[in-house]
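Shown next: query11.cif, containing mmCIF, C-alpha atoms (C1' of nucleotides).
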```
data_start
#
loop_
_atom_site.label_atom_id
_atom_site.label_comp_id
_atom_site.auth_asym_id
_atom_site.auth_seq_id
_atom_site.Cartn_x
_atom_site.Cartn_y
_atom_site.Cartn_z
CA MET A 264 -75.44 -25.38 80.07
CA ALA A 265 -71.72 -25.42 80.58
CA ILE A 266 -70.65 -25.01 76.95
CA HIS A 267 -70.92 -22.10 74.56
CA LYS A 268 -71.87 -23.35 71.15
CA LYS A 269 -72.18 -20.01 69.43
CA GLU A 270 -68.52 -19.96 68.41
CA GLU A 271 -68.96 -23.10 66.39
CA PHE A 272 -70.96 -21.25 63.77
CA SER A 273 -69.50 -19.11 60.99
CA GLN A 274 -68.49 -15.52 61.66
CA ARG A 275 -71.11 -14.32 59.22
CA GLU A 276 -73.83 -16.22 61.06
CA GLN A 277 -72.62 -14.87 64.38
CA ASP A 278 -72.53 -11.30 63.07
CA LEU A 279 -76.03 -11.48 61.67
CA ALA A 280 -77.28 -13.02 64.90
CA ALA A 281 -75.60 -10.26 66.92
CA PHE A 282 -77.23 -7.61 64.77
CA ALA A 283 -80.63 -9.25 65.20
CA LYS A 284 -80.04 -9.54 68.92
CA ALA A 285 -79.48 -5.79 69.18
CA LEU A 286 -82.90 -5.31 67.60
CA SER A 287 -84.60 -8.03 69.61
CA HIS A 288 -86.14 -5.83 72.30
CA PRO A 289 -89.03 -3.42 71.74
CA ALA A 290 -87.29 -0.77 73.84
CA ARG A 291 -84.32 -0.78 71.49
CA ILE A 292 -86.58 -0.64 68.44
CA ALA A 293 -88.33 2.33 70.04
CA ILE A 294 -85.01 4.02 70.79
CA LEU A 295 -83.90 3.66 67.16
CA LYS A 296 -87.23 5.07 66.01
CA VAL A 297 -86.86 8.16 68.21
CA LEU A 298 -83.24 8.63 67.21
CA ALA A 299 -84.19 8.41 63.55
CA GLN A 300 -86.99 10.93 63.89
CA LYS A 301 -84.98 13.46 65.86
CA ASN A 302 -81.75 12.69 63.99
CA GLU A 303 -79.95 13.03 67.28
CA CYS A 304 -81.11 12.88 70.83
CA ILE A 305 -79.80 13.18 74.36
CA CYS A 306 -80.34 10.40 76.84
CA GLY A 307 -82.81 12.40 78.95
CA GLU A 308 -85.21 12.86 76.05
CA LEU A 309 -85.32 9.12 75.55
CA VAL A 310 -85.96 8.57 79.24
CA ASP A 311 -88.91 10.99 79.06
CA VAL A 312 -90.43 9.13 76.13
CA LEU A 313 -89.84 5.54 77.19
CA PRO A 314 -91.61 3.71 80.03
CA LEU A 315 -88.31 2.73 81.61
CA ALA A 316 -86.00 3.94 84.35
CA GLN A 317 -82.99 6.06 83.44
CA SER A 318 -80.55 3.31 84.26
CA THR A 319 -82.42 0.85 82.07
CA VAL A 320 -82.49 3.20 79.10
CA SER A 321 -78.79 3.84 79.55
CA GLN A 322 -78.19 0.10 79.48
CA HIS A 323 -80.13 -0.36 76.24
CA LEU A 324 -78.18 2.51 74.72
CA LYS A 325 -74.98 0.81 75.74
CA GLU A 326 -76.01 -2.40 74.02
CA LEU A 327 -76.92 -0.57 70.83
CA LYS A 328 -73.60 1.22 70.95
CA ILE A 329 -71.64 -1.99 71.50
CA ALA A 330 -73.49 -3.55 68.58
CA GLY A 331 -72.36 -0.56 66.52
CA LEU A 332 -75.87 0.59 65.59
CA ILE A 333 -75.60 3.99 67.25
CA ASN A 334 -72.92 6.58 67.96
CA GLY A 335 -72.65 8.49 71.18
CA THR A 336 -70.73 11.64 72.00
CA VAL A 337 -70.36 13.43 75.29
CA ASP A 338 -71.73 16.98 75.19
CA GLY A 339 -70.96 18.66 78.47
CA PRO A 340 -72.92 16.85 81.15
CA ARG A 341 -75.13 15.27 78.49
CA SER A 342 -74.70 12.39 76.08
CA CYS A 343 -75.83 12.79 72.52
CA TYR A 344 -76.80 9.72 70.51
CA CYS A 345 -77.55 9.14 66.86
CA ILE A 346 -77.95 6.21 64.51
CA ASN A 347 -74.87 4.87 62.80
CA TRP A 348 -76.50 4.66 59.38
CA LYS A 349 -73.44 3.13 57.79
CA ALA A 350 -73.43 0.11 60.09
CA PHE A 351 -77.21 -0.13 59.99
CA GLU A 352 -77.20 -0.14 56.22
CA LYS A 353 -74.40 -2.68 56.06
CA PHE A 354 -76.26 -5.16 58.20
CA MET A 355 -79.60 -4.58 56.55
CA SER A 356 -78.14 -5.12 53.11
CA GLU A 357 -76.37 -8.22 54.31
CA PHE A 358 -79.70 -9.54 55.53
CA SER A 359 -81.42 -8.57 52.33
CA PHE A 360 -78.65 -10.19 50.34
CA LEU A 361 -78.96 -13.43 52.25
CA PHE A 362 -82.70 -13.25 51.95
CA ASN A 363 -82.86 -12.39 48.27
CA LYS A 364 -80.11 -14.75 47.23
CA LEU A 365 -81.95 -17.59 48.83
CA LYS A 366 -85.36 -16.50 47.71
CA VAL A 367 -84.56 -16.55 44.01
CA GLN A 368 -83.50 -20.17 44.22
CA ASN A 369 -86.84 -21.50 45.31
CA GLU A 370 -90.12 -19.80 44.84
CA LYS A 371 -91.75 -23.21 44.48
CA ALA A 372 -94.20 -24.35 47.09
CA CYS A 373 -92.97 -26.46 49.95
CA CYS A 374 -94.34 -28.48 52.83
CA MET B 84 -87.16 -7.94 87.56
CA ALA B 85 -90.73 -8.52 88.68
CA ILE B 86 -92.43 -6.54 85.90
CA HIS B 87 -92.71 -7.19 82.18
CA LYS B 88 -92.22 -3.93 80.36
CA LYS B 89 -92.40 -5.31 76.86
CA GLU B 90 -96.16 -4.93 76.65
CA GLU B 91 -95.89 -1.21 77.17
CA PHE B 92 -94.44 -0.74 73.70
CA SER B 93 -96.48 -0.63 70.50
CA GLN B 94 -97.56 -3.84 68.81
CA ARG B 95 -95.46 -2.98 65.79
CA GLU B 96 -92.38 -2.57 67.95
CA GLN B 97 -93.09 -5.83 69.72
CA ASP B 98 -93.61 -7.68 66.42
CA LEU B 99 -90.38 -6.39 64.93
CA ALA B 100 -88.51 -7.24 68.12
CA ALA B 101 -89.99 -10.75 68.10
CA PHE B 102 -88.89 -11.24 64.50
CA ALA B 103 -85.39 -10.06 65.33
CA LYS B 104 -85.34 -12.29 68.37
CA ALA B 105 -86.08 -15.34 66.23
CA LEU B 106 -83.01 -14.46 64.16
CA SER B 107 -80.83 -13.63 67.15
CA HIS B 108 -79.03 -16.96 67.45
CA PRO B 109 -76.46 -18.25 64.97
CA ALA B 110 -77.99 -21.71 65.09
CA ARG B 111 -81.29 -20.34 63.84
CA ILE B 112 -79.57 -18.33 61.11
CA ALA B 113 -77.81 -21.52 60.07
CA ILE B 114 -81.07 -23.47 60.09
CA LEU B 115 -82.73 -20.91 57.83
CA LYS B 116 -79.74 -21.06 55.49
CA VAL B 117 -79.97 -24.83 55.17
CA LEU B 118 -83.74 -24.73 54.74
CA ALA B 119 -83.38 -22.12 52.00
CA GLN B 120 -80.75 -24.11 50.14
CA LYS B 121 -82.59 -27.42 50.30
CA ASN B 122 -86.02 -25.80 49.93
CA GLU B 123 -87.29 -28.29 52.44
CA CYS B 124 -85.56 -30.42 54.97
CA ILE B 125 -86.29 -33.04 57.61
CA CYS B 126 -85.17 -32.52 61.15
CA GLY B 127 -82.54 -35.27 61.04
CA GLU B 128 -80.70 -33.60 58.18
CA LEU B 129 -80.37 -30.45 60.24
CA VAL B 130 -79.11 -32.41 63.23
CA ASP B 131 -76.43 -33.96 61.01
CA VAL B 132 -75.26 -30.57 59.77
CA LEU B 133 -75.39 -28.57 62.99
CA PRO B 134 -73.04 -28.94 65.99
CA LEU B 135 -75.97 -29.41 68.37
CA ALA B 136 -77.88 -32.20 70.02
CA GLN B 137 -81.14 -33.38 68.47
CA SER B 138 -83.20 -31.95 71.30
CA THR B 139 -81.54 -28.57 70.95
CA VAL B 140 -82.14 -28.42 67.21
CA SER B 141 -85.75 -29.39 67.79
CA GLN B 142 -86.07 -26.55 70.27
CA HIS B 143 -84.65 -23.98 67.83
CA LEU B 144 -87.03 -25.27 65.15
CA LYS B 145 -89.90 -24.83 67.57
CA GLU B 146 -88.95 -21.21 68.20
CA LEU B 147 -88.68 -20.47 64.48
CA LYS B 148 -92.06 -22.08 63.98
CA ILE B 149 -93.69 -20.12 66.81
CA ALA B 150 -92.22 -16.94 65.33
CA GLY B 151 -93.87 -17.93 62.06
CA LEU B 152 -90.66 -18.00 60.04
CA ILE B 153 -90.90 -21.66 59.10
CA ASN B 154 -93.60 -24.23 58.38
CA GLY B 155 -93.47 -27.79 59.58
CA THR B 156 -95.46 -30.80 58.45
CA VAL B 157 -95.42 -34.32 59.78
CA ASP B 158 -94.34 -36.85 57.15
CA GLY B 159 -94.73 -40.27 58.64
CA PRO B 160 -92.21 -40.56 61.46
CA ARG B 161 -90.35 -37.50 60.15
CA SER B 162 -90.95 -33.78 60.33
CA CYS B 163 -90.44 -31.71 57.22
CA TYR B 164 -89.61 -28.04 57.57
CA CYS B 165 -89.40 -25.20 55.13
CA ILE B 166 -89.19 -21.44 55.20
CA ASN B 167 -92.41 -19.48 55.34
CA TRP B 168 -91.37 -17.02 52.66
CA LYS B 169 -94.51 -15.01 52.99
CA ALA B 170 -93.94 -14.21 56.65
CA PHE B 171 -90.22 -13.79 56.12
CA GLU B 172 -90.82 -11.32 53.32
CA LYS B 173 -93.44 -9.45 55.31
CA PHE B 174 -91.10 -8.88 58.21
CA MET B 175 -88.12 -8.06 56.06
CA SER B 176 -90.06 -5.49 54.09
CA GLU B 177 -91.41 -4.03 57.31
CA PHE B 178 -87.86 -3.64 58.52
CA SER B 179 -86.72 -2.19 55.23
CA PHE B 180 -89.69 0.17 55.25
CA LEU B 181 -88.88 1.40 58.71
CA PHE B 182 -85.25 1.68 57.76
CA ASN B 183 -85.78 3.48 54.46
CA LYS B 184 -88.52 5.74 55.71
CA LEU B 185 -86.28 6.91 58.49
CA LYS B 186 -83.16 7.08 56.40
CA VAL B 187 -84.59 9.50 53.85
CA GLN B 188 -85.43 11.99 56.55
CA ASN B 189 -81.90 12.55 57.66
CA GLU B 190 -78.85 11.84 55.65
CA LYS B 191 -77.10 14.72 57.35
CA ALA B 192 -74.20 14.03 59.66
CA CYS B 193 -74.85 13.72 63.34
CA CYS B 194 -72.92 13.50 66.57
"C1'" DT C 38 -96.54 -57.75 68.52
"C1'" DT C 39 -92.14 -56.21 69.05
"C1'" DT C 40 -88.51 -53.59 67.40
"C1'" DT C 41 -86.61 -49.67 65.21
"C1'" DC C 42 -86.38 -45.10 63.63
"C1'" DT C 43 -87.47 -40.27 64.06
"C1'" DT C 44 -88.92 -36.32 66.50
"C1'" DA C 45 -91.08 -33.71 70.44
"C1'" DT C 46 -91.18 -32.81 75.10
"C1'" DC C 47 -89.69 -32.91 80.02
"C1'" DG C 48 -86.51 -32.00 83.52
"C1'" DT C 49 -82.48 -29.81 84.82
"C1'" DA C 50 -78.31 -26.92 84.99
"C1'" DT C 51 -76.16 -22.83 83.72
"C1'" DA C 52 -75.72 -18.41 81.29
"C1'" DT C 53 -77.66 -14.30 79.84
"C1'" DT C 54 -81.03 -10.60 79.77
"C1'" DT C 55 -83.95 -7.34 81.83
"C1'" DG C 56 -84.99 -4.03 85.19
"C1'" DC C 57 -84.40 -0.97 89.04
"C1'" DG C 58 -82.45 1.71 92.90
"C1'" DA C 59 -78.30 3.49 94.65
"C1'" DT C 60 -74.21 5.54 93.77
"C1'" DA C 61 -70.40 7.59 91.26
"C1'" DA C 62 -68.59 10.86 87.98
"C1'" DA C 63 -68.40 15.05 85.49
"C1'" DG C 64 -69.82 19.45 83.93
"C1'" DG C 65 -72.52 23.70 84.79
"C1'" DA C 66 -74.64 27.11 87.82
"C1'" DT C 67 -74.87 29.78 92.06
"C1'" DA D 184 -66.48 25.73 96.97
"C1'" DT D 185 -71.10 23.93 96.96
"C1'" DC D 186 -75.12 22.52 94.79
"C1'" DC D 187 -77.70 20.84 90.78
"C1'" DT D 188 -78.28 18.34 86.57
"C1'" DT D 189 -77.25 14.58 83.72
"C1'" DT D 190 -75.54 10.13 82.64
"C1'" DA D 191 -72.85 5.79 83.46
"C1'" DT D 192 -72.00 2.04 86.30
"C1'" DC D 193 -72.60 -1.23 90.25
"C1'" DG D 194 -75.12 -4.56 92.69
"C1'" DC D 195 -78.89 -7.18 93.06
"C1'" DA D 196 -83.30 -9.87 91.91
"C1'" DA D 197 -86.08 -12.10 88.71
"C1'" DA D 198 -87.10 -13.77 84.18
"C1'" DT D 199 -85.46 -15.98 79.75
"C1'" DA D 200 -82.54 -18.41 76.88
"C1'" DT D 201 -79.46 -22.15 75.85
"C1'" DA D 202 -78.08 -26.81 75.97
"C1'" DC D 203 -78.29 -31.61 76.91
"C1'" DG D 204 -79.77 -36.32 78.33
"C1'" DA D 205 -83.70 -39.00 79.21
"C1'" DT D 206 -87.99 -40.18 77.94
"C1'" DA D 207 -92.39 -40.26 75.44
"C1'" DA D 208 -94.97 -40.69 71.22
"C1'" DG D 209 -95.82 -42.05 66.67
"C1'" DA D 210 -95.19 -44.48 62.41
"C1'" DA D 211 -92.92 -48.01 59.82
"C1'" DA D 212 -90.56 -52.46 59.61
"C1'" DA D 213 -89.44 -57.02 61.35
#
```

As structure tokens, please, write out the structure in this file.
Amino acid sequence: MAIHKKEEFSQREQDLAAFAKALSHPARIAILKVLAQKNECICGELVDVLPLAQSTVSQHLKELKIAGLINGTVDGPRSCYCINWKAFEKFMSEFSFLFNKLKVQNEKACC
Amino acid sequence: MAIHKKEEFSQREQDLAAFAKALSHPARIAILKVLAQKNECICGELVDVLPLAQSTVSQHLKELKIAGLINGTVDGPRSCYCINWKAFEKFMSEFSFLFNKLKVQNEKACC
DNA sequence: TTTTCTTATCGTATATTTGCGATAAAGGAT
DNA sequence: ATCCTTTATCGCAAATATACGATAAGAAAA
């Protein structure tokens, strides 16, 4: 492949793509679901619920954290995670904005 | 890796992840933007606008089509693409639904 | 028919993602 | 201090994704 082309797109496009990428695995969707239901959750609870090894769950959590979609705090020997609603809302509204803005322009039928 | 774990998640989770995956590359976000602005668009126009080779653009279009986010019709020697608003809207509302449903439950601060 | 134009697909190289076991690190319990 | 519990990280293997040039395939034009 040799060359990274992602940087040649606008920052906005890259940000939206990064947000979508964080959501692009069913395990991460499932993690967000559990976090939303329980409000907050320690890593071990997620491991119990998901069909994945502890190290794999930890890795998905890391990706969600890097993407800014969840917060994590150390609680003794445990790690407590919860959804970063602010970031989540920001990205979702940005998507909706893009979507709605474009949608109004052309409701007409196409190819 | 050896084993595919994706199938062990619910269909809903897999569908949402697949939708997000289709949006997880800036080139595909850019393509959707152009398609939305022009309403419909032939492949060559996209190649002119994007910093990618024709074969690469064609591949991204294929992925968007497989994901159901765009429609494509053959128009003589050209291919005309447009956004499948119905599918797009369905997925976006599904995301919003998930997001809103979960959000209402817990506005309280967490970790 | 031959040429030209447009797009899809194939083959290939490289980068990234996914997944797990093993291990480290850090706090609590004994 | 030693063990136990919990989580993060490392190292590795395999699968996917990304990107391009070359080529095929199809329609229109010469």

Residues selected by the PyMOL selection byres ((chain C) within 7 of (chain A)), written as a PyMOL selection string: chain C and resi 50-51+56-57+63-64

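Residues captured in this structure file are Gly159 and Pro160 of chain B; DT41 and DC42 of chain C; DG209, DA210, DA212 and DA213 of chain D, according to the PyMOL selection byres ((chain D and resi 211) around 10).
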
Interface residues on chain B facing chain A, 7 Å, all atoms listed in the file, written as a PyMOL selection string: chain B and resi 89+92+96-97+100-101+103-104+106-109+112-113+119-120+122-123+155-156+163-165+185+189+193-194

Selection result of the PyMOL selection byres ((chain D) within 12 of (chain A)) on this file, as a PyMOL selection string: chain D and resi 187-193+200-204

Serialized selection, C-alpha atoms (C1' of nucleotides), as a short mmCIF file (atom, residue, chain, number, x, y, z; two decimals), in the coordinates of the input:
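Now in part31.cif:
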```cif
data_model
loop_
_atom_site.label_atom_id
_atom_site.label_comp_id
_atom_site.auth_asym_id
_atom_site.auth_seq_id
_atom_site.Cartn_x
_atom_site.Cartn_y
_atom_site.Cartn_z
"C1'" DC D 187 -77.70 20.84 90.78
"C1'" DT D 188 -78.28 18.34 86.57
"C1'" DT D 189 -77.25 14.58 83.72
"C1'" DT D 190 -75.54 10.13 82.64
"C1'" DA D 191 -72.85 5.79 83.46
"C1'" DT D 192 -72.00 2.04 86.30
"C1'" DC D 193 -72.60 -1.23 90.25
"C1'" DA D 200 -82.54 -18.41 76.88
"C1'" DT D 201 -79.46 -22.15 75.85
"C1'" DA D 202 -78.08 -26.81 75.97
"C1'" DC D 203 -78.29 -31.61 76.91
"C1'" DG D 204 -79.77 -36.32 78.33
#
```

Point-to-point distance in Å for atom CA of Leu129 of chain B and atom CA of Ala330 of chain A: 29.0 Å

Please determine an axis-aligned box that encloses all atoms of segment 114-119 of chain B listed in the file, with 4 Å added on each side, and express its centre and edge lengths in Å to one decimal as JSON.
```
{"center_x": -81.7, "center_y": -22.9, "center_z": 56.0, "size_x": 12.0, "size_y": 11.9, "size_z": 16.1}
```

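Between atom CA of Phe174 of chain B and atom CA of Glu308 of chain A the separation is 28.7 Å.
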
Residues within 10 Å of DA207 of chain D, only C-alpha atoms (C1' of nucleotides), excluding chain neighbours under 6 positions, as a ChimeraX atom specification: /C:45-47

For segment 284-312 of chain A, supply N, CA and C atoms and report the output as a PDB file, keeping the file's coordinate frame.
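rebuild_5.pdb written:
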```pdb
ATOM      1  N   LYS A 284     -79.896  -9.579  67.461  1.00  0.00           N
ATOM      2  CA  LYS A 284     -80.040  -9.540  68.920  1.00  0.00           C
ATOM      3  C   LYS A 284     -80.167  -8.098  69.419  1.00  0.00           C
ATOM      4  N   ALA A 285     -79.402  -7.204  68.786  1.00  0.00           N
ATOM      5  CA  ALA A 285     -79.480  -5.790  69.180  1.00  0.00           C
ATOM      6  C   ALA A 285     -80.863  -5.220  68.911  1.00  0.00           C
ATOM      7  N   LEU A 286     -81.558  -5.793  67.950  1.00  0.00           N
ATOM      8  CA  LEU A 286     -82.900  -5.310  67.600  1.00  0.00           C
ATOM      9  C   LEU A 286     -84.001  -6.105  68.271  1.00  0.00           C
ATOM     10  N   SER A 287     -83.625  -7.048  69.123  1.00  0.00           N
ATOM     11  CA  SER A 287     -84.600  -8.030  69.610  1.00  0.00           C
ATOM     12  C   SER A 287     -85.374  -7.595  70.845  1.00  0.00           C
ATOM     13  N   HIS A 288     -85.327  -6.314  71.174  1.00  0.00           N
ATOM     14  CA  HIS A 288     -86.140  -5.830  72.300  1.00  0.00           C
ATOM     15  C   HIS A 288     -86.902  -4.579  71.885  1.00  0.00           C
ATOM     16  N   PRO A 289     -88.206  -4.549  72.170  1.00  0.00           N
ATOM     17  CA  PRO A 289     -89.030  -3.420  71.740  1.00  0.00           C
ATOM     18  C   PRO A 289     -88.487  -2.068  72.208  1.00  0.00           C
ATOM     19  N   ALA A 290     -87.847  -2.037  73.356  1.00  0.00           N
ATOM     20  CA  ALA A 290     -87.290  -0.770  73.840  1.00  0.00           C
ATOM     21  C   ALA A 290     -86.201  -0.271  72.893  1.00  0.00           C
ATOM     22  N   ARG A 291     -85.412  -1.190  72.373  1.00  0.00           N
ATOM     23  CA  ARG A 291     -84.320  -0.780  71.490  1.00  0.00           C
ATOM     24  C   ARG A 291     -84.861  -0.383  70.115  1.00  0.00           C
ATOM     25  N   ILE A 292     -85.914  -1.058  69.670  1.00  0.00           N
ATOM     26  CA  ILE A 292     -86.580  -0.640  68.440  1.00  0.00           C
ATOM     27  C   ILE A 292     -87.118   0.774  68.619  1.00  0.00           C
ATOM     28  N   ALA A 293     -87.749   1.010  69.750  1.00  0.00           N
ATOM     29  CA  ALA A 293     -88.330   2.330  70.040  1.00  0.00           C
ATOM     30  C   ALA A 293     -87.242   3.397  70.094  1.00  0.00           C
ATOM     31  N   ILE A 294     -86.119   3.064  70.698  1.00  0.00           N
ATOM     32  CA  ILE A 294     -85.010   4.020  70.790  1.00  0.00           C
ATOM     33  C   ILE A 294     -84.526   4.389  69.389  1.00  0.00           C
ATOM     34  N   LEU A 295     -84.360   3.395  68.526  1.00  0.00           N
ATOM     35  CA  LEU A 295     -83.900   3.660  67.160  1.00  0.00           C
ATOM     36  C   LEU A 295     -84.894   4.539  66.411  1.00  0.00           C
ATOM     37  N   LYS A 296     -86.172   4.277  66.643  1.00  0.00           N
ATOM     38  CA  LYS A 296     -87.230   5.070  66.010  1.00  0.00           C
ATOM     39  C   LYS A 296     -87.088   6.548  66.404  1.00  0.00           C
ATOM     40  N   VAL A 297     -86.977   6.782  67.708  1.00  0.00           N
ATOM     41  CA  VAL A 297     -86.860   8.160  68.210  1.00  0.00           C
ATOM     42  C   VAL A 297     -85.600   8.814  67.672  1.00  0.00           C
ATOM     43  N   LEU A 298     -84.504   8.085  67.706  1.00  0.00           N
ATOM     44  CA  LEU A 298     -83.240   8.630  67.210  1.00  0.00           C
ATOM     45  C   LEU A 298     -83.352   8.995  65.731  1.00  0.00           C
ATOM     46  N   ALA A 299     -84.060   8.159  64.985  1.00  0.00           N
ATOM     47  CA  ALA A 299     -84.190   8.410  63.550  1.00  0.00           C
ATOM     48  C   ALA A 299     -85.056   9.648  63.288  1.00  0.00           C
ATOM     49  N   GLN A 300     -86.095   9.782  64.083  1.00  0.00           N
ATOM     50  CA  GLN A 300     -86.990  10.930  63.890  1.00  0.00           C
ATOM     51  C   GLN A 300     -86.325  12.251  64.266  1.00  0.00           C
ATOM     52  N   LYS A 301     -85.589  12.225  65.379  1.00  0.00           N
ATOM     53  CA  LYS A 301     -84.980  13.460  65.860  1.00  0.00           C
ATOM     54  C   LYS A 301     -83.579  13.670  65.296  1.00  0.00           C
ATOM     55  N   ASN A 302     -83.103  12.696  64.552  1.00  0.00           N
ATOM     56  CA  ASN A 302     -81.750  12.690  63.990  1.00  0.00           C
ATOM     57  C   ASN A 302     -80.704  12.492  65.080  1.00  0.00           C
ATOM     58  N   GLU A 303     -80.798  13.308  66.131  1.00  0.00           N
ATOM     59  CA  GLU A 303     -79.950  13.030  67.280  1.00  0.00           C
ATOM     60  C   GLU A 303     -80.730  13.376  68.531  1.00  0.00           C
ATOM     61  N   CYS A 304     -80.272  12.876  69.651  1.00  0.00           N
ATOM     62  CA  CYS A 304     -81.110  12.880  70.830  1.00  0.00           C
ATOM     63  C   CYS A 304     -80.249  12.675  72.068  1.00  0.00           C
ATOM     64  N   ILE A 305     -80.531  13.424  73.124  1.00  0.00           N
ATOM     65  CA  ILE A 305     -79.800  13.180  74.360  1.00  0.00           C
ATOM     66  C   ILE A 305     -80.561  12.164  75.198  1.00  0.00           C
ATOM     67  N   CYS A 306     -79.814  11.510  76.048  1.00  0.00           N
ATOM     68  CA  CYS A 306     -80.340  10.400  76.840  1.00  0.00           C
ATOM     69  C   CYS A 306     -81.636  10.776  77.570  1.00  0.00           C
ATOM     70  N   GLY A 307     -81.647  11.957  78.166  1.00  0.00           N
ATOM     71  CA  GLY A 307     -82.810  12.400  78.950  1.00  0.00           C
ATOM     72  C   GLY A 307     -84.100  12.443  78.163  1.00  0.00           C
ATOM     73  N   GLU A 308     -84.008  12.815  76.888  1.00  0.00           N
ATOM     74  CA  GLU A 308     -85.210  12.860  76.050  1.00  0.00           C
ATOM     75  C   GLU A 308     -85.781  11.456  75.859  1.00  0.00           C
ATOM     76  N   LEU A 309     -84.875  10.500  75.711  1.00  0.00           N
ATOM     77  CA  LEU A 309     -85.320   9.120  75.550  1.00  0.00           C
ATOM     78  C   LEU A 309     -85.978   8.621  76.834  1.00  0.00           C
ATOM     79  N   VAL A 310     -85.392   8.989  77.955  1.00  0.00           N
ATOM     80  CA  VAL A 310     -85.960   8.570  79.240  1.00  0.00           C
ATOM     81  C   VAL A 310     -87.373   9.129  79.406  1.00  0.00           C
ATOM     82  N   ASP A 311     -87.584  10.373  78.947  1.00  0.00           N
ATOM     83  CA  ASP A 311     -88.910  10.990  79.060  1.00  0.00           C
ATOM     84  C   ASP A 311     -89.943  10.239  78.232  1.00  0.00           C
ATOM     85  N   VAL A 312     -89.505   9.749  77.070  1.00  0.00           N
ATOM     86  CA  VAL A 312     -90.430   9.130  76.130  1.00  0.00           C
ATOM     87  C   VAL A 312     -90.710   7.663  76.456  1.00  0.00           C
TER      88      VAL A 312
END
```
